[in-house]
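In what follows, a single structure is set out as structure tokens and then discussed.
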Amino acid sequence: MTITTHVKTGTASDVLRHIDWRQYVVYIGFVVVFAYFAITQAGNFLNTTTLVNIITQAAPITVMAVGAVFVLSVGEIDLSIGSTVALASLGSAVTLQATHQWWLAALAGLAIGAGVGAVNGIFITLVRLPSFLVTLATMGLVAGLAQQATNLQSVPVTNSAFGWLFGGGTLLGIPILIWWTVVIVAIGWHVLRQRSFGAHVLAVGNKSSAAAVSGIRVNRVKMVVFIVSGMAAALAGLLYAGRLAGATYTLGSSDLMSVLAAVIVGGTSLTGGKGSIIGALVGSLFMSMINYGLLLGGLNVAQQLIVRGIIILAAVSLSLRAKKNS
Amino acid sequence: MIIADPTSTPKPNDGTVKPLRLDGISKHFGGIVAIKRFDLEIEPGEIVALVGDNGAGKSTLVKIISGLYQPTDGEIWLNGERTIFRDASDARTKGVEVVYQDLALVDLQPVYMNLFLGRELRKAPFGTLDRKEMATRTQALVDELDVRIPSAKSTLSDLSGGQRQGIAIARATHWASSLVLMDEPTAALGVAETAKVEETILKLKERGAAVLVVSHNMEQVFRIADRVTVLRRGTQVGTRRVADTSHNELISMITGLAS
């Protein structure tokens with residue numbers, strides 16, 4: 001009996017230690033890298049412009065990361081978000097050219113995102129295929145549609161209201177992209193932590209059979225999550241189109257890795273049941289900060305890719321290793 | 001809910017409502033008869049054991065009572081009202097709670113979330129989760145049932161198998177207005193944990209719950225049940241008061257061989 005008690009206490013403290021690790025890896029990494037750049041780049045890095053740039057550059061990734069936290073928490077994956085960014089931004093830009101109505105353009109973009117998400121959701125819940133395969137297929141399909149749509153041509157965005165709302169605007173002296181970041185993160189955090197829906201997402205991702213016998217409609221939850229993910233990607237597309245004053249089929253094509261890295265480094269489980277919106281935000285800012293710091297450090301694009309890859313690998317191994325035993 | 005006095009045996013209260021009454025339940029799968037005319041009444045504060053060999057029809061009966069199957073014939077009455085279960089969640093809405101063998105709990109969530117999963121408490125004005133209230137009520141319930149856990153806020157994966165089964169039973173108790181149905185509640189547990197879970201089941205009896213427990217374990221049936229009903233190849237061989245029967249009689253009823 002004493003032995004049992006002893007073993008039990010040991011396990012419990014082990015678990016605690018691992019949970020602490022997992023929670024803090026991204027925050028510790030953020031602080032360490034921040035301090036490193038602050039010391040080595042001094043005034044180049046530590047100024048308002050740089051800090052604002054880090055957040056605004058990260059805005060589309062942050063928005064997609066919030067969607068991805070829900071997808072991973074429900075135990076699935078969405079590989080199609082990068083292609084959805086391209087198709088939604090093009091659809092939005094074309095609508096804007098035709099109608100000159102910023103809100104119609106925004107609606108068109110979001111509807112495309114919701115549509116892609118719904119198609120993913122239908123194949124995953126009703127046809128019962130693994131989300132990895134479904135979204136791998138739609139990733140290619142949607143990228144093809146985006147290329148076909150305007151025959152590889154870029155579409156300019158000249159509407160000033162659209163440009164203000166999704167790109168260069170400021171509200172109360174704060175850039176609009178920071179507002180988007182704050183609003184989307186706040187909504188994501190609220191829904192995941194404070195609402196029944198968030199609890200259902202985590203329960204389905206943890207053990208869908210247990211969720212089902214508790215009266216949770218598993219397919220409905222997954223369907224909503226994929227639509228949300230598609231719409232988050234579409235909003236990211238609008239943010240690109242607004243900031244770059246144009247849309248093209250290559251938008252978002254390299255974002256999938258950044259989004260997944262941000263989310264996983266931020267403490268969201270790859271296998272479902274555990275997700276952190278704040279962690280994803282910090283993860284996203286972490287990626288953005290690395291990009292920016294390396295740029296300031298004078299590294300060329302190839303060197304940036306290498307260093308970024310190493311840092312992501314290190315951060316992911318730290319956060320996943322810590323998770324293994326818990 | 002009628003709370004029975006724990007010091008006295010459950011009152012027969014004939015003529016009043018029974019939490020569960022099964023009347024001539026049968027189930028056919030094509031030409032195969034899985035259950036042939038099954039009758040049972042359970043009193044508040046009574047534990048009835050359902051025993052039988054593998055393939056005797058126990059799990060079919062469990063699935064009928066939990067709403068997963070519709071009976072081919074016969075009636076289900078809950079608290080004096082005839083009812084038909086459309087599906088498992090309909091049965092749950094009508095007050096039948098099932099404790100599953102494979103623990104229908106989510107490991108990464110706190111105990112209180114498990115207790116309220118699918119029926120979370122929310123608070124005004126925005127309908128956000130009322131975690132505090134859920135934790136408070138969970139703590140009160142586990143204290144009452146004497147399920148010893150570190151805290152209602154503990155993560156489920158930090159608990160032992162016995163503690164988890166205790167939580168599963170507490171959840172069923174909390175929501176059951178008619179019947180708690182347990183399918184081999186201690187099959188996966190060791191001796192000490194089984195004893196603890198049996199204590200919890202006896203606590204349900206004190207609270208006046210009607211409990212139907214499927215068990216393979218004869219000693220357990222004698223330890224916790226008031227009555228026992230025996231299925232053999234889909235036929236209800238008989239129902240006995242545990243006090244009036246013996247191990248040997250039950251075995252011969254189950255196997256169909258004279259002892």
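How things are named: the first chain in the structure tokens is A, the next is B, and so on; residues count from 1 in each chain; ligands count from 1 in the order shown.
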
Find the residues of chain B that sit at most 7 Å from chain A; for each, write down the nearest two atoms and how far apart they are in Å, to one decimal. Count only C-alpha atoms. Sort by chain, then by number going up, and give it as JSON lines.
```
{"residue": "B:Ser89", "atom": "CA", "partner": "A:Gly215", "partner_atom": "CA", "distance": 5.8}
{"residue": "B:Ala104", "atom": "CA", "partner": "A:Ala210", "partner_atom": "CA", "distance": 4.2}
{"residue": "B:Leu105", "atom": "CA", "partner": "A:Ala210", "partner_atom": "CA", "distance": 5.4}
{"residue": "B:Val106", "atom": "CA", "partner": "A:Lys207", "partner_atom": "CA", "distance": 5.8}
{"residue": "B:Asp107", "atom": "CA", "partner": "A:Asn206", "partner_atom": "CA", "distance": 7.0}
{"residue": "B:Leu108", "atom": "CA", "partner": "A:Gly273", "partner_atom": "CA", "distance": 6.5}
{"residue": "B:Leu117", "atom": "CA", "partner": "A:Ser214", "partner_atom": "CA", "distance": 6.1}
{"residue": "B:Gly118", "atom": "CA", "partner": "A:Ser214", "partner_atom": "CA", "distance": 5.4}
{"residue": "B:Glu120", "atom": "CA", "partner": "A:Ser196", "partner_atom": "CA", "distance": 6.5}
{"residue": "B:Thr128", "atom": "CA", "partner": "A:Arg195", "partner_atom": "CA", "distance": 5.1}
{"residue": "B:Leu129", "atom": "CA", "partner": "A:Gln194", "partner_atom": "CA", "distance": 5.2}
{"residue": "B:Asp158", "atom": "CA", "partner": "A:Ala12", "partner_atom": "CA", "distance": 6.8}
```

Report as a ChimeraX atom specification all protein, DNA and RNA residues lying within 7 Å of stretch 84-92 of chain A, evaluated on only C-alpha atoms, omitting residues in the same chain fewer than 5 positions from it.
/A:105-106,108-110,112-113,142,146,155,230,233-234,236-238,241,247-252

Can you list, as JSON, numbers by chain, every protein, DNA or RNA residue that comes within 12 Å of B:Thr239 when you count only C-alpha atoms, leaving out same-chain residues fewer than 4 positions away? {"B": [38, 39, 40, 41, 42, 48, 49, 50, 51, 52, 225, 226, 227, 228, 229, 230, 231, 235, 243, 244, 245, 249, 250, 253, 254]}

Using the selection just defined, write its residues with C-alpha atoms as an mmCIF file, in the first residue's frame.
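Result file follows (selection-v4.cif):
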```cif
data_model
loop_
_atom_site.group_PDB
_atom_site.id
_atom_site.type_symbol
_atom_site.label_atom_id
_atom_site.label_comp_id
_atom_site.auth_asym_id
_atom_site.auth_seq_id
_atom_site.Cartn_x
_atom_site.Cartn_y
_atom_site.Cartn_z
ATOM 1 C CA PHE B 38 -38.872 -10.331 -20.733
ATOM 2 C CA ASP B 39 -40.674 -8.777 -17.730
ATOM 3 C CA LEU B 40 -39.136 -6.756 -14.935
ATOM 4 C CA GLU B 41 -40.070 -4.092 -12.434
ATOM 5 C CA ILE B 42 -37.542 -2.163 -10.402
ATOM 6 C CA VAL B 48 -31.467 -5.714 -9.636
ATOM 7 C CA ALA B 49 -28.779 -7.850 -11.226
ATOM 8 C CA LEU B 50 -29.128 -9.268 -14.708
ATOM 9 C CA VAL B 51 -27.101 -12.419 -15.203
ATOM 10 C CA GLY B 52 -26.688 -14.956 -17.956
ATOM 11 C CA ALA B 225 -28.089 -6.882 -5.485
ATOM 12 C CA ASP B 226 -31.549 -7.160 -3.913
ATOM 13 C CA ARG B 227 -32.923 -9.333 -6.667
ATOM 14 C CA VAL B 228 -31.442 -11.205 -9.588
ATOM 15 C CA THR B 229 -33.014 -12.119 -12.888
ATOM 16 C CA VAL B 230 -31.575 -14.786 -15.164
ATOM 17 C CA LEU B 231 -31.519 -14.948 -18.947
ATOM 18 C CA THR B 235 -35.562 -16.650 -22.286
ATOM 19 C CA ALA B 243 -31.695 -13.565 0.128
ATOM 20 C CA ASP B 244 -33.812 -16.518 -1.034
ATOM 21 C CA THR B 245 -31.447 -18.087 -3.539
ATOM 22 C CA GLU B 249 -29.355 -22.376 -7.886
ATOM 23 C CA LEU B 250 -28.263 -19.365 -9.943
ATOM 24 C CA MET B 253 -30.518 -21.435 -13.878
ATOM 25 C CA ILE B 254 -27.816 -19.825 -16.014
#
```

**Prompt:** Neighbours of B:Ile169 within 12 Å (only C-alpha atoms; same-chain residues fewer than 5 positions away dropped), as a PyMOL selection string?
**Reply:** chain B and resi 97-101+103-105+114-115+141-142+145-147+162-164+174-176+179-186+196-204+209+211+213

#### Entry: Residue contacts of stretch 56-67 of chain A (8 Å, only C-alpha atoms) excluding same-chain residues fewer than 3 positions away, as a ChimeraX atom specification
/A:52-53,70-71,81,175,177-178,180-181,184-185,188,225,228-230,232-233,235-237,239-240,255,258-260,262-263,277,280-281,284-285,287-288

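Note that atom CA of B:Lys205 and atom CA of B:Gly234 are 28.1 Å apart.
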
Sorted by chain and rising residue number, which residues of stretch 35-113 of chain A lie within 12 Å of stretch 290-293 of chain A, and what are their closest atom pairs and distances in Å to one decimal, counting only C-alpha atoms, as CSV?
```
residue,atom,partner,partner_atom,distance
A:Ala35,CA,A:Gly293,CA,11.0
A:Tyr36,CA,A:Gly293,CA,9.3
A:Phe37,CA,A:Gly293,CA,6.2
A:Ala38,CA,A:Gly293,CA,9.0
A:Ile39,CA,A:Gly293,CA,11.2
A:Thr40,CA,A:Gly293,CA,9.6
A:Gln41,CA,A:Gly293,CA,8.0
A:Ala42,CA,A:Gly293,CA,10.9
A:Asn44,CA,A:Gly293,CA,9.2
A:Phe45,CA,A:Gly293,CA,7.3
A:Leu46,CA,A:Gly293,CA,10.5
A:Thr49,CA,A:Tyr292,CA,11.6
A:Thr50,CA,A:Tyr292,CA,8.1
A:Leu51,CA,A:Tyr292,CA,9.5
A:Val52,CA,A:Tyr292,CA,11.2
A:Asn53,CA,A:Tyr292,CA,8.4
A:Ile54,CA,A:Tyr292,CA,6.8
A:Ile55,CA,A:Tyr292,CA,10.5
A:Thr56,CA,A:Tyr292,CA,11.5
A:Gln57,CA,A:Tyr292,CA,9.1
A:Ala58,CA,A:Asn291,CA,10.0
```

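Going from atom CA of B:Asp53 to atom CA of B:Thr255 covers 7.2 Å.
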
Subject >> A:Thr135 surroundings by only C-alpha atoms, 8 Å radius, close-in-sequence under 4 positions cut, as number ranges by chain >> reply: A: 77-80, 120, 131, 139

Write out the residues from the selection above, keeping N, CA, C and O atoms, as a PDB file, in the first residue's frame.
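Writing done, so here's out_15.pdb:
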```pdb
ATOM      1  N   ILE A  77      -7.235  17.515 -39.202  1.00  0.00           N
ATOM      2  CA  ILE A  77      -6.252  18.450 -39.737  1.00  0.00           C
ATOM      3  C   ILE A  77      -6.836  19.058 -41.000  1.00  0.00           C
ATOM      4  O   ILE A  77      -7.663  18.432 -41.675  1.00  0.00           O
ATOM      5  N   ASP A  78      -6.463  20.301 -41.294  1.00  0.00           N
ATOM      6  CA  ASP A  78      -6.950  20.967 -42.505  1.00  0.00           C
ATOM      7  C   ASP A  78      -5.750  21.471 -43.300  1.00  0.00           C
ATOM      8  O   ASP A  78      -5.137  22.470 -42.947  1.00  0.00           O
ATOM      9  N   LEU A  79      -5.404  20.727 -44.363  1.00  0.00           N
ATOM     10  CA  LEU A  79      -4.251  21.101 -45.186  1.00  0.00           C
ATOM     11  C   LEU A  79      -4.640  22.085 -46.282  1.00  0.00           C
ATOM     12  O   LEU A  79      -3.787  22.604 -46.982  1.00  0.00           O
ATOM     13  N   SER A  80      -5.948  22.318 -46.430  1.00  0.00           N
ATOM     14  CA  SER A  80      -6.404  23.111 -47.579  1.00  0.00           C
ATOM     15  C   SER A  80      -6.411  24.611 -47.306  1.00  0.00           C
ATOM     16  O   SER A  80      -6.799  25.391 -48.185  1.00  0.00           O
ATOM     17  N   ASN A 120     -15.004  19.997 -47.286  1.00  0.00           N
ATOM     18  CA  ASN A 120     -14.134  19.183 -46.421  1.00  0.00           C
ATOM     19  C   ASN A 120     -14.966  18.457 -45.375  1.00  0.00           C
ATOM     20  O   ASN A 120     -14.819  17.242 -45.174  1.00  0.00           O
ATOM     21  N   SER A 131      -9.422  13.197 -42.469  1.00  0.00           N
ATOM     22  CA  SER A 131      -9.301  14.590 -42.884  1.00  0.00           C
ATOM     23  C   SER A 131      -7.989  14.850 -43.594  1.00  0.00           C
ATOM     24  O   SER A 131      -7.908  15.713 -44.465  1.00  0.00           O
ATOM     25  N   MET A 139      -6.787  20.589 -51.072  1.00  0.00           N
ATOM     26  CA  MET A 139      -5.669  21.529 -51.174  1.00  0.00           C
ATOM     27  C   MET A 139      -5.275  21.689 -52.641  1.00  0.00           C
ATOM     28  O   MET A 139      -5.173  22.804 -53.162  1.00  0.00           O
TER      29      MET A 139
END
```

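Distance-wise, atom CA of A:Val182 and atom CA of A:Val69 end up 15.8 Å apart.
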
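Comparing A:Gly82, A:Asn151, A:His100, A:Trp179 by their smallest distance to A:Thr138, the closest is A:Gly82 (using only C-alpha atoms).
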
Fill in: All residues 12 Å or closer to B:Lys18, only C-alpha atoms, same chain fewer than 6 positions away omitted, as a ChimeraX atom specification
/B:1-2,11-12,40-46,76-82,177-179,208-211

Please identify the helix (DSSP H, G or I) residues within stretch 44-264 of chain A (assignment by DSSP from backbone atoms) and present them as a ChimeraX atom specification. /A:44,48-73,81-99,102-125,131-149,160-168,176-194,196-206,208-213,218-244,255-264

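Among B:Arg207, B:Arg223, B:Arg232, B:Arg92, the residue with the shortest atom-to-atom distance to B:His247, counting only C-alpha atoms, is B:Arg223.
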